[in-house]
file input-v4.pdb (PDB, C-alpha atoms)
ATOM      1  CA  MET M   1     108.406 111.844  95.807
ATOM      2  CA  GLU M   2     105.938 110.673  98.414
ATOM      3  CA  GLY M   3     106.659 107.783 100.711
ATOM      4  CA  ASN M   4     104.707 104.629 100.041
ATOM      5  CA  PHE M   5     103.663 102.112 102.656
ATOM      6  CA  SER M   6     103.729  99.707  99.709
ATOM      7  CA  ALA M   7     104.676 100.018  96.074
ATOM      8  CA  ARG M   8     102.464  97.091  95.027
ATOM      9  CA  THR M   9      99.173  97.715  93.245
ATOM     10  CA  ILE M  10      96.348  95.224  93.267
ATOM     11  CA  LEU M  11      94.106  94.932  90.228
ATOM     12  CA  PHE M  12      90.537  95.067  91.409
ATOM     13  CA  LEU M  13      87.239  95.589  89.600
ATOM     14  CA  GLY M  14      85.899  98.049  92.147
ATOM     15  CA  ALA M  15      85.908 101.823  91.709
ATOM     16  CA  ILE M  16      85.510 104.972  93.760
ATOM     17  CA  ILE M  17      82.904 107.479  92.618
ATOM     18  CA  VAL M  18      84.639 110.757  91.898
ATOM     19  CA  ALA M  19      81.887 112.741  90.202
ATOM     20  CA  SER M  20      78.130 112.316  90.188
ATOM     21  CA  ALA M  21      74.904 114.237  90.463
ATOM     22  CA  ILE M  22      73.232 113.100  93.707
ATOM     23  CA  GLY M  23      70.323 114.588  95.595
ATOM     24  CA  SER M  24      68.895 112.462  98.419
ATOM     25  CA  ALA M  25      69.969 112.500 102.064
ATOM     26  CA  ILE M  26      71.616 109.097 101.695
ATOM     27  CA  ALA M  27      73.087 110.033  98.307
ATOM     28  CA  PRO M  28      76.746 110.099  99.388
ATOM     29  CA  PHE M  29      76.441 106.504 100.529
ATOM     30  CA  LEU M  30      76.743 104.648  97.260
ATOM     31  CA  MET M  31      78.691 101.625  96.258
ATOM     32  CA  GLN M  32      80.150 100.765  92.919
ATOM     33  CA  THR M  33      80.789  97.483  91.213
ATOM     34  CA  ALA M  34      82.081  96.447  87.828
ATOM     35  CA  ALA M  35      78.434  96.137  86.807
ATOM     36  CA  GLY M  36      77.523  99.707  87.707
ATOM     37  CA  LEU M  37      76.353 101.818  90.629
ATOM     38  CA  LEU M  38      74.117 100.508  93.388
ATOM     39  CA  ALA M  39      72.356 102.679  95.973
ATOM     40  CA  SER M  40      71.189 101.383  99.323
ATOM     41  CA  SER M  41      67.984  99.363  99.063
ATOM     42  CA  SER M  42      66.753 100.985 102.261
ATOM     43  CA  PRO M  43      66.333 104.740 102.852
ATOM     44  CA  SER M  44      66.821 104.131 106.583
ATOM     45  CA  CYS M  45      70.128 102.291 106.500
ATOM     46  CA  ASN M  46      71.993 102.335 109.798
ATOM     47  CA  VAL M  47      75.481 101.009 108.961
ATOM     48  CA  LEU M  48      77.835 102.588 106.451
ATOM     49  CA  ASP M  49      79.944 100.199 104.369
ATOM     50  CA  LEU M  50      83.236 101.877 103.450
ATOM     51  CA  GLN M  51      85.079 100.096 100.664
ATOM     52  CA  VAL M  52      88.858 100.515 100.646
ATOM     53  CA  TYR M  53      90.013  98.786  97.493
ATOM     54  CA  GLY M  54      93.154  98.953  95.383
ATOM     55  CA  ASN M  55      95.763 101.703  95.492
ATOM     56  CA  ILE M  56      95.231 104.251  98.269
ATOM     57  CA  VAL M  57      95.930 107.809  97.075
ATOM     58  CA  ASN M  58      95.563 111.299  98.513
ATOM     59  CA  THR M  59      93.435 113.053  95.896
ATOM     60  CA  ARG M  60      92.002 112.502  92.432
ATOM     61  CA  ALA M  61      95.020 114.338  91.048
ATOM     62  CA  ASP M  62      97.089 111.249  91.963
ATOM     63  CA  ILE M  63      95.115 109.104  89.529
ATOM     64  CA  SER M  64      96.432 108.669  86.002
ATOM     65  CA  VAL M  65      94.009 109.816  83.325
ATOM     66  CA  SER M  66      94.472 106.436  81.663
ATOM     67  CA  ASP M  67      93.027 104.781  84.778
ATOM     68  CA  THR M  68      89.692 106.616  84.701
ATOM     69  CA  LEU M  69      86.394 105.515  83.199
ATOM     70  CA  VAL M  70      83.462 107.699  82.207
ATOM     71  CA  LEU M  71      80.052 106.084  82.286
ATOM     72  CA  ASN M  72      77.731 106.803  79.405
ATOM     73  CA  ASP M  73      75.091 108.468  81.555
ATOM     74  CA  ALA M  74      73.548 111.929  81.806
ATOM     75  CA  ALA M  75      75.708 112.883  84.770
ATOM     76  CA  GLY M  76      78.924 111.856  83.040
ATOM     77  CA  THR M  77      79.922 109.862  86.111
ATOM     78  CA  VAL M  78      83.666 109.317  86.390
ATOM     79  CA  LEU M  79      85.010 106.151  87.979
ATOM     80  CA  THR M  80      88.556 105.372  89.065
ATOM     81  CA  PRO M  81      89.054 101.599  89.097
ATOM     82  CA  ASN M  82      91.737 100.222  91.425
ATOM     83  CA  TYR M  83      91.896 103.357  93.596
ATOM     84  CA  THR M  84      90.633 104.610  96.945
ATOM     85  CA  VAL M  85      90.803 108.417  97.237
ATOM     86  CA  ALA M  86      91.455 109.686 100.770
ATOM     87  CA  THR M  87      89.735 113.056 100.327
ATOM     88  CA  ASP M  88      86.559 111.368  99.055
ATOM     89  CA  VAL M  89      86.582 108.950 101.980
ATOM     90  CA  GLU M  90      87.094 111.770 104.479
ATOM     91  CA  TYR M  91      84.098 113.666 103.107
ATOM     92  CA  GLY M  92      81.886 110.577 103.126
ATOM     93  CA  LEU M  93      82.794 109.645 106.693
ATOM     94  CA  LYS M  94      82.297 113.179 107.957
ATOM     95  CA  THR M  95      78.857 113.308 106.341
ATOM     96  CA  ALA M  96      77.903 109.912 107.757
ATOM     97  CA  ALA M  97      79.124 110.834 111.240
ATOM     98  CA  GLU M  98      76.729 113.788 111.227
ATOM     99  CA  ASN M  99      73.785 111.572 110.206
ATOM    100  CA  PRO M 100      71.979 110.277 113.340
ATOM    101  CA  ASP M 101      70.558 107.343 111.344
ATOM    102  CA  ILE M 102      74.053 105.929 110.803
ATOM    103  CA  LYS M 103      74.939 103.946 113.920
ATOM    104  CA  ALA M 104      78.116 102.111 112.889
ATOM    105  CA  LEU M 105      80.758 101.539 110.227
ATOM    106  CA  VAL M 106      82.012  98.409 108.472
ATOM    107  CA  ILE M 107      85.215  98.795 106.451
ATOM    108  CA  ASP M 108      85.788  96.335 103.613
ATOM    109  CA  VAL M 109      89.519  96.252 102.902
ATOM    110  CA  ASP M 110      91.154  94.728  99.841
ATOM    111  CA  SER M 111      94.262  96.845  99.329
ATOM    112  CA  TYR M 112      97.983  96.269  99.101
ATOM    113  CA  GLY M 113      98.835  99.825 100.084
ATOM    114  CA  GLY M 114      99.542 103.224  98.630
ATOM    115  CA  GLY M 115     100.652 106.635  99.835
ATOM    116  CA  SER M 116     101.573 106.934 103.494
ATOM    117  CA  GLU M 117      99.789 110.271 103.839
ATOM    118  CA  ALA M 118      96.646 108.886 102.181
ATOM    119  CA  GLY M 119      96.552 105.924 104.553
ATOM    120  CA  GLN M 120      96.966 108.238 107.531
ATOM    121  CA  GLU M 121      94.181 110.536 106.333
ATOM    122  CA  ILE M 122      91.711 107.664 106.015
ATOM    123  CA  ALA M 123      92.783 106.170 109.342
ATOM    124  CA  ASN M 124      92.329 109.558 111.029
ATOM    125  CA  ALA M 125      88.855 109.881 109.507
ATOM    126  CA  ILE M 126      87.882 106.415 110.776
ATOM    127  CA  ARG M 127      89.133 107.247 114.279
ATOM    128  CA  ALA M 128      87.204 110.523 114.215
ATOM    129  CA  PHE M 129      84.001 108.808 113.058
ATOM    130  CA  GLY M 130      82.989 108.322 116.665
ATOM    131  CA  LYS M 131      80.753 105.285 116.164
ATOM    132  CA  PRO M 132      81.385 101.519 116.439
ATOM    133  CA  SER M 133      83.480 100.144 113.577
ATOM    134  CA  VAL M 134      84.677  96.787 112.273
ATOM    135  CA  ALA M 135      87.163  96.200 109.461
ATOM    136  CA  VAL M 136      87.113  93.076 107.313
ATOM    137  CA  ILE M 137      90.290  92.193 105.410
ATOM    138  CA  HIS M 138      89.369  90.177 102.332
ATOM    139  CA  GLY M 139      92.183  89.363  99.875
ATOM    140  CA  GLY M 140      94.694  91.688 101.488
ATOM    141  CA  GLY M 141      95.070  94.398 104.088
ATOM    142  CA  VAL M 142      98.683  95.290 103.522
ATOM    143  CA  SER M 143     100.835  98.312 104.363
ATOM    144  CA  ALA M 144      98.619 101.432 104.123
ATOM    145  CA  GLY M 145      95.708  99.023 103.625
ATOM    146  CA  TYR M 146      96.480  97.467 106.997
ATOM    147  CA  LEU M 147      96.853 100.896 108.625
ATOM    148  CA  VAL M 148      93.308 101.733 107.491
ATOM    149  CA  ALA M 149      91.965  98.448 108.882
ATOM    150  CA  ALA M 150      93.831  98.937 112.161
ATOM    151  CA  ALA M 151      92.011 102.228 112.740
ATOM    152  CA  ALA M 152      88.757 100.295 113.282
ATOM    153  CA  ASP M 153      87.626  99.124 116.725
ATOM    154  CA  ARG M 154      87.874  95.503 115.602
ATOM    155  CA  ILE M 155      89.560  93.697 112.680
ATOM    156  CA  LEU M 156      88.503  90.415 111.117
ATOM    157  CA  ALA M 157      90.298  88.554 108.336
ATOM    158  CA  LEU M 158      89.919  85.257 106.540
ATOM    159  CA  GLU M 159      92.316  82.370 107.106
ATOM    160  CA  ASN M 160      94.016  83.049 103.770
ATOM    161  CA  SER M 161      93.883  86.849 103.864
ATOM    162  CA  THR M 162      97.237  88.604 103.542
ATOM    163  CA  VAL M 163      97.855  90.938 106.494
ATOM    164  CA  GLY M 164     100.536  93.332 107.661
ATOM    165  CA  SER M 165     103.627  94.583 105.805
ATOM    166  CA  ILE M 166     104.264  97.267 108.414
ATOM    167  CA  GLY M 167     106.988  99.357 106.836
ATOM    168  CA  VAL M 168     107.844 102.002 104.284
ATOM    169  CA  THR M 169     109.581 102.044 100.907
ATOM    170  CA  TYR M 170     111.181 104.738  98.760
ATOM    171  CA  SER M 171     112.592 102.240  96.261
ATOM    172  CA  PHE M 172     112.859 103.318  92.626
ATOM    173  CA  LEU M 173     114.400 102.224  89.329
ATOM    174  CA  ASN M 174     117.808 103.622  88.447
ATOM    175  CA  GLN M 175     118.727 103.478  84.762
ATOM    176  CA  SER M 176     121.954 105.480  84.951
ATOM    177  CA  GLU M 177     124.137 102.490  84.002
ATOM    178  CA  LYS M 178     121.947 101.791  80.984
ATOM    179  CA  ASN M 179     122.190 105.447  79.998
ATOM    180  CA  LYS M 180     125.983 105.251  80.190
ATOM    181  CA  LYS M 181     126.008 102.266  77.831
ATOM    182  CA  ASP M 182     123.663 104.106  75.475
ATOM    183  CA  GLY M 183     125.871 107.185  75.470
ATOM    184  CA  ILE M 184     123.355 109.339  77.359
ATOM    185  CA  VAL M 185     124.849 111.944  79.700
ATOM    186  CA  TYR M 186     122.858 113.359  82.629
ATOM    187  CA  GLU M 187     123.522 117.087  83.001
ATOM    188  CA  GLN M 188     122.722 118.090  86.586
ATOM    189  CA  LEU M 189     121.457 121.682  86.558
ATOM    190  CA  SER M 190     119.532 122.132  89.799
ATOM    191  CA  SER M 191     119.383 124.744  92.532
ATOM    192  CA  GLY M 192     120.696 122.374  95.198
ATOM    193  CA  PRO M 193     122.406 118.984  95.553
ATOM    194  CA  PHE M 194     119.193 117.274  96.634
ATOM    195  CA  LYS M 195     116.761 118.901  94.192
ATOM    196  CA  ASP M 196     116.836 116.014  91.728
ATOM    197  CA  THR M 197     117.024 113.185  94.243
ATOM    198  CA  PHE M 198     115.170 110.126  92.909
ATOM    199  CA  SER M 199     116.030 110.970  89.321
ATOM    200  CA  PRO M 200     116.302 107.598  87.566
ATOM    201  CA  ASP M 201     118.946 108.972  85.205
ATOM    202  CA  LYS M 202     121.782 109.532  87.677
ATOM    203  CA  PRO M 203     123.473 107.445  90.373
ATOM    204  CA  ILE M 204     122.248 108.119  93.900
ATOM    205  CA  THR M 205     124.849 109.823  96.091
ATOM    206  CA  ASP M 206     125.813 108.791  99.623
ATOM    207  CA  ALA M 207     124.358 112.071 100.928
ATOM    208  CA  GLU M 208     121.053 111.434  99.139
ATOM    209  CA  ARG M 209     120.888 107.894 100.462
ATOM    210  CA  GLU M 210     121.463 109.167 104.006
ATOM    211  CA  LEU M 211     118.703 111.770 103.595
ATOM    212  CA  ILE M 212     116.258 109.185 102.268
ATOM    213  CA  ARG M 213     117.124 106.811 105.095
ATOM    214  CA  ARG M 214     116.416 109.584 107.602
ATOM    215  CA  ASP M 215     112.897 110.044 106.213
ATOM    216  CA  LEU M 216     112.290 106.297 106.016
ATOM    217  CA  ASP M 217     113.164 105.944 109.696
ATOM    218  CA  ILE M 218     110.763 108.752 110.639
ATOM    219  CA  LEU M 219     107.921 107.272 108.591
ATOM    220  CA  ARG M 220     108.527 103.780 109.930
ATOM    221  CA  LYS M 221     108.496 104.956 113.558
ATOM    222  CA  ASP M 222     105.249 106.813 112.917
ATOM    223  CA  PHE M 223     103.682 103.740 111.301
ATOM    224  CA  VAL M 224     104.730 101.533 114.232
ATOM    225  CA  ALA M 225     103.458 104.042 116.790
ATOM    226  CA  ARG M 226     100.075 104.301 115.070
ATOM    227  CA  ILE M 227      99.592 100.528 114.900
ATOM    228  CA  ALA M 228     100.651 100.153 118.532
ATOM    229  CA  ALA M 229      98.127 102.798 119.595
ATOM    230  CA  TYR M 230      95.282 101.519 117.414
ATOM    231  CA  ARG M 231      95.800  97.894 118.390
ATOM    232  CA  ARG M 232      96.708  98.646 122.032
ATOM    233  CA  LEU M 233      99.946  96.686 121.650
ATOM    234  CA  PRO M 234     103.395  97.423 123.081
ATOM    235  CA  VAL M 235     105.489  99.485 120.668
ATOM    236  CA  GLU M 236     108.289  96.940 121.032
ATOM    237  CA  LYS M 237     106.044  94.135 119.808
ATOM    238  CA  VAL M 238     104.892  96.075 116.745
ATOM    239  CA  ASP M 239     108.450  97.188 116.069
ATOM    240  CA  ALA M 240     109.544  93.551 115.964
ATOM    241  CA  LEU M 241     106.834  92.825 113.388
ATOM    242  CA  ALA M 242     107.682  95.861 111.264
ATOM    243  CA  ASP M 243     110.083  94.221 108.820
ATOM    244  CA  GLY M 244     107.778  94.728 105.833
ATOM    245  CA  SER M 245     106.671  91.086 105.739
ATOM    246  CA  THR M 246     103.085  89.881 105.517
ATOM    247  CA  MET M 247     101.348  86.976 107.228
ATOM    248  CA  LEU M 248      98.166  84.995 106.717
ATOM    249  CA  GLY M 249      95.067  85.332 108.863
ATOM    250  CA  ALA M 250      95.792  82.736 111.539
ATOM    251  CA  GLN M 251      99.297  84.058 112.188
ATOM    252  CA  ALA M 252      97.983  87.633 112.187
ATOM    253  CA  LEU M 253      95.548  86.602 114.912
ATOM    254  CA  GLU M 254      98.352  85.058 116.972
ATOM    255  CA  SER M 255     100.450  88.216 116.505
ATOM    256  CA  GLY M 256      97.643  90.520 117.626
ATOM    257  CA  LEU M 257      97.292  92.253 114.265
ATOM    258  CA  ILE M 258      93.645  91.156 113.981
ATOM    259  CA  ASP M 259      90.932  90.237 116.488
ATOM    260  CA  GLY M 260      89.345  87.231 114.859
ATOM    261  CA  ILE M 261      88.903  84.993 111.842
ATOM    262  CA  GLY M 262      85.837  85.888 109.837
ATOM    263  CA  GLY M 263      84.324  87.844 107.005
ATOM    264  CA  SER M 264      81.422  90.164 106.300
ATOM    265  CA  LYS M 265      78.837  87.885 107.934
ATOM    266  CA  GLU M 266      80.714  87.850 111.238
ATOM    267  CA  ALA M 267      81.407  91.574 111.079
ATOM    268  CA  LEU M 268      77.752  92.466 110.549
ATOM    269  CA  ALA M 269      76.649  90.079 113.304
ATOM    270  CA  HIS M 270      79.050  91.847 115.674
ATOM    271  CA  LEU M 271      77.712  95.264 114.698
ATOM    272  CA  GLU M 272      74.100  94.111 115.033
ATOM    273  CA  GLU M 273      74.848  93.040 118.585
ATOM    274  CA  THR M 274      76.714  96.270 119.269
ATOM    275  CA  ILE M 275      74.017  98.674 118.053
ATOM    276  CA  GLY M 276      71.147  96.491 119.266
ATOM    277  CA  GLU M 277      69.165  96.472 116.029
ATOM    278  CA  PRO M 278      69.165  94.679 112.644
ATOM    279  CA  VAL M 279      71.804  95.984 110.252
ATOM    280  CA  SER M 280      70.755  97.736 107.066
ATOM    281  CA  LEU M 281      73.717  98.715 104.918
ATOM    282  CA  CYS M 282      74.390 101.756 102.833
ATOM    283  CA  TRP M 283      77.569 102.214 100.864
ATOM    284  CA  GLN M 284      80.131 104.877 100.160
TER     285      GLN M 284
END
call {"tool": "encode", "arguments": {"input": "input-v4.pdb", "output": "structure tokens"}}
result
Amino acid sequence: MEGNFSARTILFLGAIIVASAIGSAIAPFLMQTAAGLLASSSPSCNVLDLQVYGNIVNTRADISVSDTLVLNDAAGTVLTPNYTVATDVEYGLKTAAENPDIKALVIDVDSYGGGSEAGQEIANAIRAFGKPSVAVIHGGGVSAGYLVAAAADRILALENSTVGSIGVTYSFLNQSEKNKKDGIVYEQLSSGPFKDTFSPDKPITDAERELIRRDLDILRKDFVARIAAYRRLPVEKVDALADGSTMLGAQALESGLIDGIGGSKEALAHLEETIGEPVSLCWQ
């Protein structure tokens, strides 16, 4: 079972493109909305808009079949509402980094977390992008969603945006007591005492709990260290904030988790000043 930076899932009408027939040089830079697919209005766009929405997962294999949509078009385009797929993001960022026309990156974040590995993969890809970047936290940049935002050079959030939740969870439902009442017996037939850890049908043992706690501590320390490095904050300060709680925009600014109060307008104005030319967006 993978560690989650957050077990919460936000319902969002966005989607990540997971299959499409595309041919132009700017083709990978598309955005999606509930209304359909929109390509950049300009063939010479200079800023990539990366949308990190919903549950952050490693690969398309982590998406339930019931959560996919197939558009009725010739390409049979498949959409995955409520998900951001790390491998797709990595490919898009690598392609954009190699395009000399792309001068900067804006990251729109509205995510309450997901897999720890997926958040790290996207954050690594943002750090490796090598061009100016600004993240904008809209409704929420929480847990793995905050890690992704923190990888940018600068973070903006709205006054009422939800920010933070630095921490890790391995929590799960245990129905062993219900099974006992229902007369259901769990027969443990595994090759080792830890092979069926996290089974909801048996009580967790002290040894399993200790093993899980070990991994939680490792993941938490890694999360704290990454935020401290990205935000150029003392590890001790981030560690004190890493109780899993969230905060609103103004408090996040006071705590050093963001750089300013603002939204897309302010982010694009900052990038325009940084790259020294008007911003023309293209989307992934």
call {"tool": "resolve_selection", "arguments": {"input": "input-v4.pdb", "expression": "the PyMOL selection byres ((chain M and resi 239) around 10)", "output": "list in words"}}
result
Ile166, Gly167, Arg220, Lys221, Phe223, Val224, Ala225, Ile227, Ala228, Pro234, Val235, Glu236, Lys237, Val238, Ala240, Leu241, Ala242 and Asp243 of chain M
call {"tool": "write_last_selection", "arguments": {"input": "input-v4.pdb", "atoms": "C-alpha atoms", "output": "tab-separated table (two decimals), in the frame of the given file"}}
result
chain	number	residue	atom	x	y	z
M	166	ILE	CA	104.26	97.27	108.41
M	167	GLY	CA	106.99	99.36	106.84
M	220	ARG	CA	108.53	103.78	109.93
M	221	LYS	CA	108.50	104.96	113.56
M	223	PHE	CA	103.68	103.74	111.30
M	224	VAL	CA	104.73	101.53	114.23
M	225	ALA	CA	103.46	104.04	116.79
M	227	ILE	CA	99.59	100.53	114.90
M	228	ALA	CA	100.65	100.15	118.53
M	234	PRO	CA	103.40	97.42	123.08
M	235	VAL	CA	105.49	99.48	120.67
M	236	GLU	CA	108.29	96.94	121.03
M	237	LYS	CA	106.04	94.14	119.81
M	238	VAL	CA	104.89	96.08	116.74
M	240	ALA	CA	109.54	93.55	115.96
M	241	LEU	CA	106.83	92.82	113.39
M	242	ALA	CA	107.68	95.86	111.26
M	243	ASP	CA	110.08	94.22	108.82
call {"tool": "atom_distance", "arguments": {"input": "input-v4.pdb", "atom1": "atom CA of M:Lys195", "atom2": "atom CA of M:Glu121"}}
result
27.0 Å
call {"tool": "residues_around", "arguments": {"input": "input-v4.pdb", "residues": "M:Glu90", "least_positions_apart": "5", "cutoff": "9 Å", "atoms": "only C-alpha atoms", "output": "ChimeraX atom specification"}}
result
/M:85,95,121-122,124-126
call {"tool": "closest_atom_pairs", "arguments": {"input": "input-v4.pdb", "of": "stretch 41-152 of chain M", "to": "stretch 264-282 of chain M", "cutoff": "12 Å", "atoms": "only C-alpha atoms", "output": "JSON lines"}}
result
{"residue": "M:Ser41", "atom": "CA", "partner": "M:Cys282", "partner_atom": "CA", "distance": 7.8}
{"residue": "M:Ser42", "atom": "CA", "partner": "M:Ser280", "partner_atom": "CA", "distance": 7.0}
{"residue": "M:Pro43", "atom": "CA", "partner": "M:Cys282", "partner_atom": "CA", "distance": 8.6}
{"residue": "M:Ser44", "atom": "CA", "partner": "M:Ser280", "partner_atom": "CA", "distance": 7.5}
{"residue": "M:Cys45", "atom": "CA", "partner": "M:Ser280", "partner_atom": "CA", "distance": 4.6}
{"residue": "M:Asn46", "atom": "CA", "partner": "M:Ser280", "partner_atom": "CA", "distance": 5.5}
{"residue": "M:Val47", "atom": "CA", "partner": "M:Leu281", "partner_atom": "CA", "distance": 5.0}
{"residue": "M:Leu48", "atom": "CA", "partner": "M:Cys282", "partner_atom": "CA", "distance": 5.1}
{"residue": "M:Asp49", "atom": "CA", "partner": "M:Cys282", "partner_atom": "CA", "distance": 6.0}
{"residue": "M:Leu50", "atom": "CA", "partner": "M:Cys282", "partner_atom": "CA", "distance": 8.9}
{"residue": "M:Gln51", "atom": "CA", "partner": "M:Cys282", "partner_atom": "CA", "distance": 11.0}
{"residue": "M:Gly92", "atom": "CA", "partner": "M:Cys282", "partner_atom": "CA", "distance": 11.6}
{"residue": "M:Ala96", "atom": "CA", "partner": "M:Cys282", "partner_atom": "CA", "distance": 10.2}
{"residue": "M:Asp101", "atom": "CA", "partner": "M:Ser280", "partner_atom": "CA", "distance": 10.5}
{"residue": "M:Ile102", "atom": "CA", "partner": "M:Cys282", "partner_atom": "CA", "distance": 9.0}
{"residue": "M:Lys103", "atom": "CA", "partner": "M:Ile275", "partner_atom": "CA", "distance": 6.8}
{"residue": "M:Ala104", "atom": "CA", "partner": "M:Leu271", "partner_atom": "CA", "distance": 7.1}
{"residue": "M:Leu105", "atom": "CA", "partner": "M:Leu271", "partner_atom": "CA", "distance": 8.3}
{"residue": "M:Val106", "atom": "CA", "partner": "M:Ala267", "partner_atom": "CA", "distance": 7.3}
{"residue": "M:Ile107", "atom": "CA", "partner": "M:Ala267", "partner_atom": "CA", "distance": 9.4}
{"residue": "M:Asp108", "atom": "CA", "partner": "M:Ser264", "partner_atom": "CA", "distance": 8.0}
{"residue": "M:Val109", "atom": "CA", "partner": "M:Ser264", "partner_atom": "CA", "distance": 10.7}
{"residue": "M:Lys131", "atom": "CA", "partner": "M:Ile275", "partner_atom": "CA", "distance": 9.6}
{"residue": "M:Pro132", "atom": "CA", "partner": "M:Leu271", "partner_atom": "CA", "distance": 7.5}
{"residue": "M:Ser133", "atom": "CA", "partner": "M:Leu271", "partner_atom": "CA", "distance": 7.6}
{"residue": "M:Val134", "atom": "CA", "partner": "M:Ala267", "partner_atom": "CA", "distance": 6.3}
{"residue": "M:Ala135", "atom": "CA", "partner": "M:Ala267", "partner_atom": "CA", "distance": 7.6}
{"residue": "M:Val136", "atom": "CA", "partner": "M:Ser264", "partner_atom": "CA", "distance": 6.5}
{"residue": "M:Ile137", "atom": "CA", "partner": "M:Ser264", "partner_atom": "CA", "distance": 9.1}
{"residue": "M:His138", "atom": "CA", "partner": "M:Ser264", "partner_atom": "CA", "distance": 8.9}
{"residue": "M:Ala152", "atom": "CA", "partner": "M:Ala267", "partner_atom": "CA", "distance": 11.6}
call {"tool": "resolve_selection", "arguments": {"input": "input-v4.pdb", "expression": "the PyMOL selection byres ((chain M and resi 169-177) around 6)", "output": "NGL selection string"}}
result
:M and (3-4 or 168 or 178-180 or 200-203)
call {"tool": "closest_residue", "arguments": {"input": "input-v4.pdb", "among": "M:Met247, M:Gly183, M:Tyr230, M:Thr197", "to": "M:Arg154", "atoms": "only C-alpha atoms"}}
result
M:Tyr230
call {"tool": "closest_residue", "arguments": {"input": "input-v4.pdb", "among": "M:Asn82, M:Ser64, M:Ser245, M:Gln120", "to": "M:Arg226", "atoms": "only C-alpha atoms"}}
result
M:Gln120
call {"tool": "resolve_selection", "arguments": {"input": "input-v4.pdb", "expression": "the PyMOL selection byres ((chain M and resi 60) around 9)", "output": "short mmCIF file (atom, residue, chain, number, x, y, z; two decimals) with C-alpha atoms, in the coordinates of the input"}}
result
data_model
loop_
_atom_site.label_atom_id
_atom_site.label_comp_id
_atom_site.auth_asym_id
_atom_site.auth_seq_id
_atom_site.Cartn_x
_atom_site.Cartn_y
_atom_site.Cartn_z
CA VAL M 18 84.64 110.76 91.90
CA VAL M 57 95.93 107.81 97.08
CA ASN M 58 95.56 111.30 98.51
CA THR M 59 93.44 113.05 95.90
CA ALA M 61 95.02 114.34 91.05
CA ASP M 62 97.09 111.25 91.96
CA ILE M 63 95.12 109.10 89.53
CA SER M 64 96.43 108.67 86.00
CA THR M 80 88.56 105.37 89.06
CA VAL M 85 90.80 108.42 97.24
CA ALA M 86 91.46 109.69 100.77
CA THR M 87 89.74 113.06 100.33
CA ASP M 88 86.56 111.37 99.06
#
call {"tool": "atom_distance", "arguments": {"input": "input-v4.pdb", "atom1": "atom CA of M:Ser199", "atom2": "atom CA of M:Ser116"}}
result
20.6 Å
call {"tool": "atom_distance", "arguments": {"input": "input-v4.pdb", "atom1": "atom CA of M:Gly139", "atom2": "atom CA of M:Asp217"}}
result
28.5 Å
call {"tool": "closest_residue", "arguments": {"input": "input-v4.pdb", "among": "M:Leu219, M:Ala123, M:Ala157, M:Ile212", "to": "M:Gly260", "atoms": "all atoms listed in the file"}}
result
M:Ala157
call {"tool": "closest_residue", "arguments": {"input": "input-v4.pdb", "among": "M:Ala128, M:Leu253, M:Leu216, M:Val185", "to": "M:Gly164", "atoms": "only C-alpha atoms"}}
result
M:Leu253
call {"tool": "decode", "arguments": {"input": "input-v4.pdb", "residues": "stretch 149-179 of chain M", "atoms": "C-alpha atoms", "output": "PDB file, in the first residue's frame"}}
result
ATOM      1  CA  ALA M 149       3.297  24.065  -5.544  1.00  0.00           C
ATOM      2  CA  ALA M 150       6.354  24.397  -3.302  1.00  0.00           C
ATOM      3  CA  ALA M 151       8.592  23.167  -6.124  1.00  0.00           C
ATOM      4  CA  ALA M 152       7.921  26.413  -8.028  1.00  0.00           C
ATOM      5  CA  ASP M 153      10.144  29.485  -7.674  1.00  0.00           C
ATOM      6  CA  ARG M 154       7.235  31.454  -6.225  1.00  0.00           C
ATOM      7  CA  ILE M 155       3.839  30.531  -4.723  1.00  0.00           C
ATOM      8  CA  LEU M 156       0.718  32.672  -4.665  1.00  0.00           C
ATOM      9  CA  ALA M 157      -2.588  31.805  -3.009  1.00  0.00           C
ATOM     10  CA  LEU M 158      -5.898  33.515  -2.410  1.00  0.00           C
ATOM     11  CA  GLU M 159      -6.944  34.727   1.030  1.00  0.00           C
ATOM     12  CA  ASN M 160      -9.332  31.789   1.406  1.00  0.00           C
ATOM     13  CA  SER M 161      -7.186  29.135  -0.273  1.00  0.00           C
ATOM     14  CA  THR M 162      -6.425  26.076   1.848  1.00  0.00           C
ATOM     15  CA  VAL M 163      -2.666  25.512   2.147  1.00  0.00           C
ATOM     16  CA  GLY M 164      -0.323  23.038   3.782  1.00  0.00           C
ATOM     17  CA  SER M 165      -1.129  19.728   5.502  1.00  0.00           C
ATOM     18  CA  ILE M 166       2.534  18.734   5.586  1.00  0.00           C
ATOM     19  CA  GLY M 167       2.410  15.127   6.704  1.00  0.00           C
ATOM     20  CA  VAL M 168       1.731  11.548   5.717  1.00  0.00           C
ATOM     21  CA  THR M 169      -1.038   9.036   6.380  1.00  0.00           C
ATOM     22  CA  TYR M 170      -1.334   5.258   6.123  1.00  0.00           C
ATOM     23  CA  SER M 171      -4.759   5.177   7.778  1.00  0.00           C
ATOM     24  CA  PHE M 172      -7.212   2.498   6.661  1.00  0.00           C
ATOM     25  CA  LEU M 173     -10.538   0.946   7.647  1.00  0.00           C
ATOM     26  CA  ASN M 174     -10.440  -2.152   9.824  1.00  0.00           C
ATOM     27  CA  GLN M 175     -13.588  -4.282   9.774  1.00  0.00           C
ATOM     28  CA  SER M 176     -12.267  -7.211  11.808  1.00  0.00           C
ATOM     29  CA  GLU M 177     -14.642  -6.556  14.728  1.00  0.00           C
ATOM     30  CA  LYS M 178     -17.602  -6.450  12.356  1.00  0.00           C
ATOM     31  CA  ASN M 179     -16.432  -9.707  10.798  1.00  0.00           C
TER      32      ASN M 179
END
